[in-house]
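What follows is the content of run-v4.csv, which has CSV, N, CA and C atoms:
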chain,number,residue,atom,x,y,z
D,142,MET,N,-8.7,3.1,-22.3
D,142,MET,CA,-8.3,1.8,-21.8
D,142,MET,C,-7.5,1.9,-20.5
D,143,VAL,N,-6.7,3.0,-20.4
D,143,VAL,CA,-6.0,3.2,-19.2
D,143,VAL,C,-7.0,3.5,-18.0
D,144,ASP,N,-8.0,4.2,-18.3
D,144,ASP,CA,-9.0,4.5,-17.3
D,144,ASP,C,-9.7,3.3,-16.7
D,145,VAL,N,-9.9,2.3,-17.6
D,145,VAL,CA,-10.5,1.1,-17.2
D,145,VAL,C,-9.6,0.3,-16.3
D,146,VAL,N,-8.3,0.3,-16.6
D,146,VAL,CA,-7.3,-0.4,-15.7
D,146,VAL,C,-7.2,0.3,-14.4
D,147,ILE,N,-7.2,1.6,-14.4
D,147,ILE,CA,-7.1,2.3,-13.1
D,147,ILE,C,-8.3,2.1,-12.3
D,148,LYS,N,-9.5,2.0,-12.9
D,148,LYS,CA,-10.7,1.8,-12.2
D,148,LYS,C,-10.7,0.4,-11.6
D,149,ILE,N,-10.3,-0.6,-12.3
D,149,ILE,CA,-10.2,-2.0,-11.8
D,149,ILE,C,-9.2,-2.1,-10.6
D,150,ALA,N,-8.1,-1.4,-10.8
D,150,ALA,CA,-7.1,-1.4,-9.7
D,150,ALA,C,-7.6,-0.7,-8.5
D,151,TYR,N,-8.3,0.4,-8.7
D,151,TYR,CA,-8.9,1.2,-7.6
D,151,TYR,C,-9.9,0.3,-6.8
D,152,ASP,N,-10.8,-0.3,-7.6
D,152,ASP,CA,-11.8,-1.2,-7.0
D,152,ASP,C,-11.2,-2.3,-6.2
D,153,ALA,N,-10.1,-2.9,-6.8
D,153,ALA,CA,-9.5,-4.1,-6.1
D,153,ALA,C,-8.8,-3.6,-4.8
D,154,ILE,N,-8.2,-2.5,-4.8
D,154,ILE,CA,-7.6,-1.9,-3.6
D,154,ILE,C,-8.6,-1.6,-2.6
D,155,GLN,N,-9.7,-1.0,-3.0
D,155,GLN,CA,-10.8,-0.6,-2.1
D,155,GLN,C,-11.4,-1.9,-1.5
D,156,MET,N,-11.6,-2.9,-2.3
D,156,MET,CA,-12.2,-4.2,-1.8
D,156,MET,C,-11.2,-4.8,-0.8
D,157,THR,N,-9.9,-4.8,-1.0
D,157,THR,CA,-8.9,-5.3,-0.1
D,157,THR,C,-9.0,-4.6,1.2
D,158,LEU,N,-9.0,-3.3,1.2
D,158,LEU,CA,-9.1,-2.6,2.5
D,158,LEU,C,-10.4,-2.8,3.2
D,159,LEU,N,-11.5,-3.0,2.5
D,159,LEU,CA,-12.8,-3.3,3.1
D,159,LEU,C,-12.8,-4.6,3.7
D,160,LEU,N,-12.2,-5.6,3.1
D,160,LEU,CA,-12.1,-7.0,3.6
D,160,LEU,C,-11.1,-7.1,4.8
D,161,ALA,N,-10.1,-6.3,4.8
D,161,ALA,CA,-9.1,-6.4,5.9
D,161,ALA,C,-9.6,-5.6,7.1
D,162,ALA,N,-10.5,-4.7,7.0
D,162,ALA,CA,-10.9,-3.8,8.1
D,162,ALA,C,-11.4,-4.5,9.3
D,163,PRO,N,-12.3,-5.5,9.2
D,163,PRO,CA,-12.7,-6.1,10.5
D,163,PRO,C,-11.6,-6.7,11.3
D,164,MET,N,-10.7,-7.4,10.7
D,164,MET,CA,-9.6,-8.0,11.4
D,164,MET,C,-8.6,-7.0,12.0
D,165,LEU,N,-8.3,-6.0,11.2
D,165,LEU,CA,-7.4,-4.9,11.6
D,165,LEU,C,-8.1,-4.1,12.8
D,166,GLY,N,-9.4,-3.9,12.7
D,166,GLY,CA,-10.1,-3.2,13.8
D,166,GLY,C,-10.0,-3.9,15.1
D,167,VAL,N,-10.3,-5.2,15.0
D,167,VAL,CA,-10.3,-6.1,16.2
D,167,VAL,C,-8.9,-6.1,16.8
D,168,GLY,N,-7.9,-6.3,15.9
D,168,GLY,CA,-6.5,-6.3,16.4
D,168,GLY,C,-6.1,-5.0,17.1
D,169,LEU,N,-6.6,-3.9,16.5
D,169,LEU,CA,-6.3,-2.6,17.1
D,169,LEU,C,-6.9,-2.4,18.5
D,170,ILE,N,-8.2,-2.8,18.6
D,170,ILE,CA,-8.9,-2.6,19.8
D,170,ILE,C,-8.3,-3.5,20.9
D,171,ILE,N,-8.1,-4.8,20.6
D,171,ILE,CA,-7.5,-5.7,21.6
D,171,ILE,C,-6.1,-5.3,21.9
D,172,GLY,N,-5.3,-4.9,21.0
D,172,GLY,CA,-4.0,-4.4,21.3
D,172,GLY,C,-4.0,-3.2,22.2
D,173,LEU,N,-4.9,-2.3,22.0
D,173,LEU,CA,-5.0,-1.1,22.8
D,173,LEU,C,-5.4,-1.5,24.2
D,174,ALA,N,-6.4,-2.4,24.3
D,174,ALA,CA,-6.9,-2.8,25.7
D,174,ALA,C,-5.8,-3.5,26.4
D,175,VAL,N,-5.1,-4.4,25.8
D,175,VAL,CA,-4.0,-5.1,26.4
D,175,VAL,C,-2.9,-4.2,26.8
D,176,SER,N,-2.6,-3.2,26.0
D,176,SER,CA,-1.5,-2.2,26.3
D,176,SER,C,-1.9,-1.4,27.5
D,177,ILE,N,-3.2,-1.0,27.6
D,177,ILE,CA,-3.6,-0.2,28.8
D,177,ILE,C,-3.6,-1.1,30.0
D,178,PHE,N,-3.9,-2.4,29.9
D,178,PHE,CA,-3.9,-3.3,31.0
D,178,PHE,C,-2.4,-3.5,31.5
D,179,GLN,N,-1.5,-3.6,30.5
D,179,GLN,CA,-0.1,-3.8,30.9
D,179,GLN,C,0.5,-2.5,31.5
D,180,ALA,N,0.0,-1.3,31.1
D,180,ALA,CA,0.5,-0.1,31.7
D,180,ALA,C,0.0,0.1,33.1
D,181,VAL,N,-1.2,-0.3,33.3
D,181,VAL,CA,-1.8,-0.2,34.7
D,181,VAL,C,-1.2,-1.2,35.6
D,182,THR,N,-1.0,-2.4,35.2
D,182,THR,CA,-0.5,-3.5,36.1
D,182,THR,C,1.0,-3.6,36.1
D,183,GLN,N,1.7,-2.9,35.2
D,183,GLN,CA,3.1,-3.0,35.0
D,183,GLN,C,3.6,-4.4,34.7
D,184,VAL,N,2.8,-5.2,34.0
D,184,VAL,CA,3.2,-6.5,33.6
D,184,VAL,C,3.7,-6.4,32.1
D,185,GLN,N,4.9,-6.7,31.9
D,185,GLN,CA,5.5,-6.6,30.5
D,185,GLN,C,5.8,-8.0,29.9
D,186,GLU,N,4.8,-8.7,29.7
D,186,GLU,CA,4.9,-10.1,29.1
D,186,GLU,C,4.5,-10.0,27.6
D,187,THR,N,5.4,-10.5,26.7
D,187,THR,CA,5.2,-10.4,25.3
D,187,THR,C,4.0,-11.3,24.8
D,188,THR,N,3.9,-12.4,25.5
D,188,THR,CA,2.8,-13.3,25.0
D,188,THR,C,1.5,-12.8,25.4
D,189,LEU,N,1.4,-11.9,26.4
D,189,LEU,CA,0.2,-11.3,26.8
D,189,LEU,C,-0.4,-10.5,25.7
D,190,THR,N,0.4,-9.9,24.9
D,190,THR,CA,-0.2,-9.1,23.8
D,190,THR,C,-0.4,-10.0,22.6
D,191,PHE,N,0.3,-11.0,22.4
D,191,PHE,CA,0.3,-11.8,21.2
D,191,PHE,C,-1.0,-12.7,21.1
D,192,VAL,N,-1.2,-13.5,22.2
D,192,VAL,CA,-2.2,-14.5,22.2
D,192,VAL,C,-3.6,-13.9,22.1
D,193,PRO,N,-4.0,-12.8,22.9
D,193,PRO,CA,-5.4,-12.3,22.7
D,193,PRO,C,-5.6,-11.7,21.3
D,194,LYS,N,-4.6,-11.1,20.7
D,194,LYS,CA,-4.7,-10.6,19.3
D,194,LYS,C,-5.0,-11.7,18.3
D,195,ILE,N,-4.2,-12.7,18.4
D,195,ILE,CA,-4.4,-13.9,17.5
D,195,ILE,C,-5.8,-14.5,17.7
D,196,VAL,N,-6.2,-14.7,18.9
D,196,VAL,CA,-7.6,-15.2,19.1
D,196,VAL,C,-8.6,-14.3,18.6
D,197,GLY,N,-8.5,-13.0,18.9
D,197,GLY,CA,-9.5,-12.0,18.5
D,197,GLY,C,-9.6,-11.9,17.0
D,198,VAL,N,-8.4,-11.9,16.3
D,198,VAL,CA,-8.4,-11.8,14.8
D,198,VAL,C,-9.0,-13.0,14.2
D,199,LEU,N,-8.6,-14.2,14.7
D,199,LEU,CA,-9.2,-15.4,14.2
D,199,LEU,C,-10.7,-15.5,14.4
D,200,LEU,N,-11.2,-15.0,15.5
D,200,LEU,CA,-12.6,-15.0,15.8
D,200,LEU,C,-13.3,-14.0,14.8
D,201,ALA,N,-12.7,-12.9,14.6
D,201,ALA,CA,-13.3,-11.9,13.7
D,201,ALA,C,-13.3,-12.4,12.3
D,202,LEU,N,-12.3,-13.2,11.9
D,202,LEU,CA,-12.2,-13.8,10.6
D,202,LEU,C,-13.3,-14.8,10.4
D,203,VAL,N,-13.5,-15.6,11.4
D,203,VAL,CA,-14.6,-16.7,11.3
D,203,VAL,C,-16.0,-16.0,11.3
D,204,ILE,N,-16.2,-15.0,12.0
D,204,ILE,CA,-17.5,-14.3,12.0
D,204,ILE,C,-17.7,-13.5,10.7
D,205,ALA,N,-16.7,-12.9,10.2
D,205,ALA,CA,-16.8,-12.0,9.0
D,205,ALA,C,-16.6,-12.8,7.7
D,206,LEU,N,-16.2,-14.1,7.7
D,206,LEU,CA,-15.9,-14.8,6.5
D,206,LEU,C,-17.1,-14.9,5.5
D,207,PRO,N,-18.3,-15.2,6.0
D,207,PRO,CA,-19.4,-15.3,5.0
D,207,PRO,C,-19.6,-13.9,4.2
D,208,TRP,N,-19.5,-12.8,5.0
D,208,TRP,CA,-19.6,-11.5,4.4
D,208,TRP,C,-18.5,-11.3,3.4
D,209,MET,N,-17.3,-11.6,3.8
D,209,MET,CA,-16.1,-11.4,3.0
D,209,MET,C,-16.2,-12.3,1.7
D,210,ILE,N,-16.7,-13.5,1.8
D,210,ILE,CA,-16.8,-14.3,0.6
D,210,ILE,C,-17.8,-13.7,-0.4
D,211,SER,N,-19.0,-13.2,0.2
D,211,SER,CA,-20.0,-12.6,-0.7
D,211,SER,C,-19.4,-11.4,-1.4
D,212,ILE,N,-18.6,-10.6,-0.7
D,212,ILE,CA,-18.0,-9.4,-1.3
D,212,ILE,C,-17.1,-9.8,-2.5
D,213,MET,N,-16.2,-10.8,-2.2
D,213,MET,CA,-15.3,-11.3,-3.2
D,213,MET,C,-16.0,-11.9,-4.4
D,214,ILE,N,-17.1,-12.7,-4.2
D,214,ILE,CA,-17.8,-13.3,-5.3
D,214,ILE,C,-18.5,-12.2,-6.1
D,215,SER,N,-19.0,-11.2,-5.5
D,215,SER,CA,-19.7,-10.1,-6.2
D,215,SER,C,-18.7,-9.3,-7.0
D,216,PHE,N,-17.5,-9.0,-6.5
D,216,PHE,CA,-16.4,-8.3,-7.2
D,216,PHE,C,-16.0,-9.2,-8.4
D,217,THR,N,-15.7,-10.4,-8.2
D,217,THR,CA,-15.3,-11.3,-9.3
D,217,THR,C,-16.3,-11.4,-10.4
D,218,HIS,N,-17.6,-11.6,-10.0
D,218,HIS,CA,-18.7,-11.7,-10.9
D,218,HIS,C,-18.8,-10.4,-11.8
D,219,ASN,N,-18.7,-9.3,-11.1
D,219,ASN,CA,-18.8,-8.0,-11.9
D,219,ASN,C,-17.6,-7.9,-12.8
D,220,LEU,N,-16.4,-8.3,-12.4
D,220,LEU,CA,-15.3,-8.2,-13.2
D,220,LEU,C,-15.4,-9.1,-14.4
D,221,PHE,N,-15.8,-10.3,-14.2
D,221,PHE,CA,-15.9,-11.3,-15.3
D,221,PHE,C,-17.1,-10.9,-16.3
D,222,THR,N,-18.2,-10.4,-15.8
D,222,THR,CA,-19.2,-10.0,-16.7
D,222,THR,C,-18.9,-8.7,-17.5
D,223,SER,N,-18.0,-8.0,-17.0
D,223,SER,CA,-17.6,-6.7,-17.7
D,223,SER,C,-16.4,-6.9,-18.7
D,224,ILE,N,-15.9,-8.1,-18.8
D,224,ILE,CA,-14.8,-8.4,-19.7
D,224,ILE,C,-15.2,-8.0,-21.2
D,225,PRO,N,-16.4,-8.3,-21.7
D,225,PRO,CA,-16.7,-7.9,-23.1
D,225,PRO,C,-16.6,-6.4,-23.3
D,226,PHE,N,-16.9,-5.6,-22.2
D,226,PHE,CA,-16.9,-4.1,-22.3
D,226,PHE,C,-15.4,-3.6,-22.3
D,227,TYR,N,-14.6,-4.4,-21.6
D,227,TYR,CA,-13.2,-4.0,-21.5
D,227,TYR,C,-12.4,-4.3,-22.8
D,228,ILE,N,-12.8,-5.3,-23.5
D,228,ILE,CA,-12.1,-5.7,-24.7
D,228,ILE,C,-12.3,-4.6,-25.8
D,229,ARG,N,-13.4,-3.9,-25.9
D,229,ARG,CA,-13.6,-3.0,-26.9
D,229,ARG,C,-12.7,-1.8,-26.9

So, in terms of structure tokens, how does the structure I just supplied come out?
Amino acid sequence: MVDVVIKIAYDAIQMTLLLAAPMLGVGLIIGLAVSIFQAVTQVQETTLTFVPKIVGVLLALVIALPWMISIMISFTHNLFTSIPFYIR
């Protein structure tokens, strides 16, 4: 029984990381590009880093949302269909 709970928790954490990866990757790339731009031009404006990251992450979320929903539906479906096996 403990193995089943550990597997469910492992799968949930793995799915969470997989779903967060597109937004985190876009935020990382945009943040790196803006930081390089700020270092080259010596412009130290805080909103210059914040606004492009927010726009990029929201755009990545909108683009990846159908994929993310299908992954969540698949995970939830597999979890609910496996409930009879977990009860034993």

For the interface of range 177-222 of chain D with range 166-172 of chain D (cut-off 6 Å, counting only N, CA and C atoms), please tabulate each contacting residue of range 177-222 of chain D alongside its nearest pair of atoms and their separation in Å to one decimal, rows sorted by chain and increasing number, as a Markdown table.
| residue | atom | partner | partner_atom | distance |
| --- | --- | --- | --- | --- |
| D:Ile177 | N | D:Gly172 | C | 5.9 |
| D:Lys194 | CA | D:Gly168 | CA | 5.5 |
| D:Gly197 | C | D:Val167 | C | 5.8 |
| D:Val198 | CA | D:Gly168 | N | 5.6 |

Have a look at atom N of Trp208 in chain D and CA of Ser176 in chain D and let me know their distance in Å, one decimal.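 These atoms are spaced 29.8 Å apart.
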
I'd like the contact shell of Met156 in chain D - 9 Å cut-off, only C-alpha atoms, skipping same-chain residues fewer than 5 positions apart - returned as a ChimeraX atom specification. /D:151,161,212-213,216

Please give the centre and size of the box around range 202-208 of chain D (axis-aligned, containing every atom listed in the file, 6 Å added per side), with values in Å to one decimal and written as JSON.
{"center_x": -15.9, "center_y": -14.0, "center_z": 7.7, "size_x": 19.4, "size_y": 17.4, "size_z": 20.6}

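Distances here use only C-alpha atoms; by that measure, the residue among D:Ile228, D:Val175, D:Phe221, D:Thr157 closest to Thr187 in chain D is D:Val175.
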
Distance in Å - atom N of Val143 in chain D versus atom C of Arg229 in chain D: 10.1 Å

Provide the CA of Leu220 in chain D to CA of Ala162 in chain D distance in Å, to one decimal place. 22.2 Å

From the list D:Ile149, D:Leu159, D:Ala174, D:Met164, which residue is nearest Leu199 in chain D when using all atoms listed in the file? D:Met164
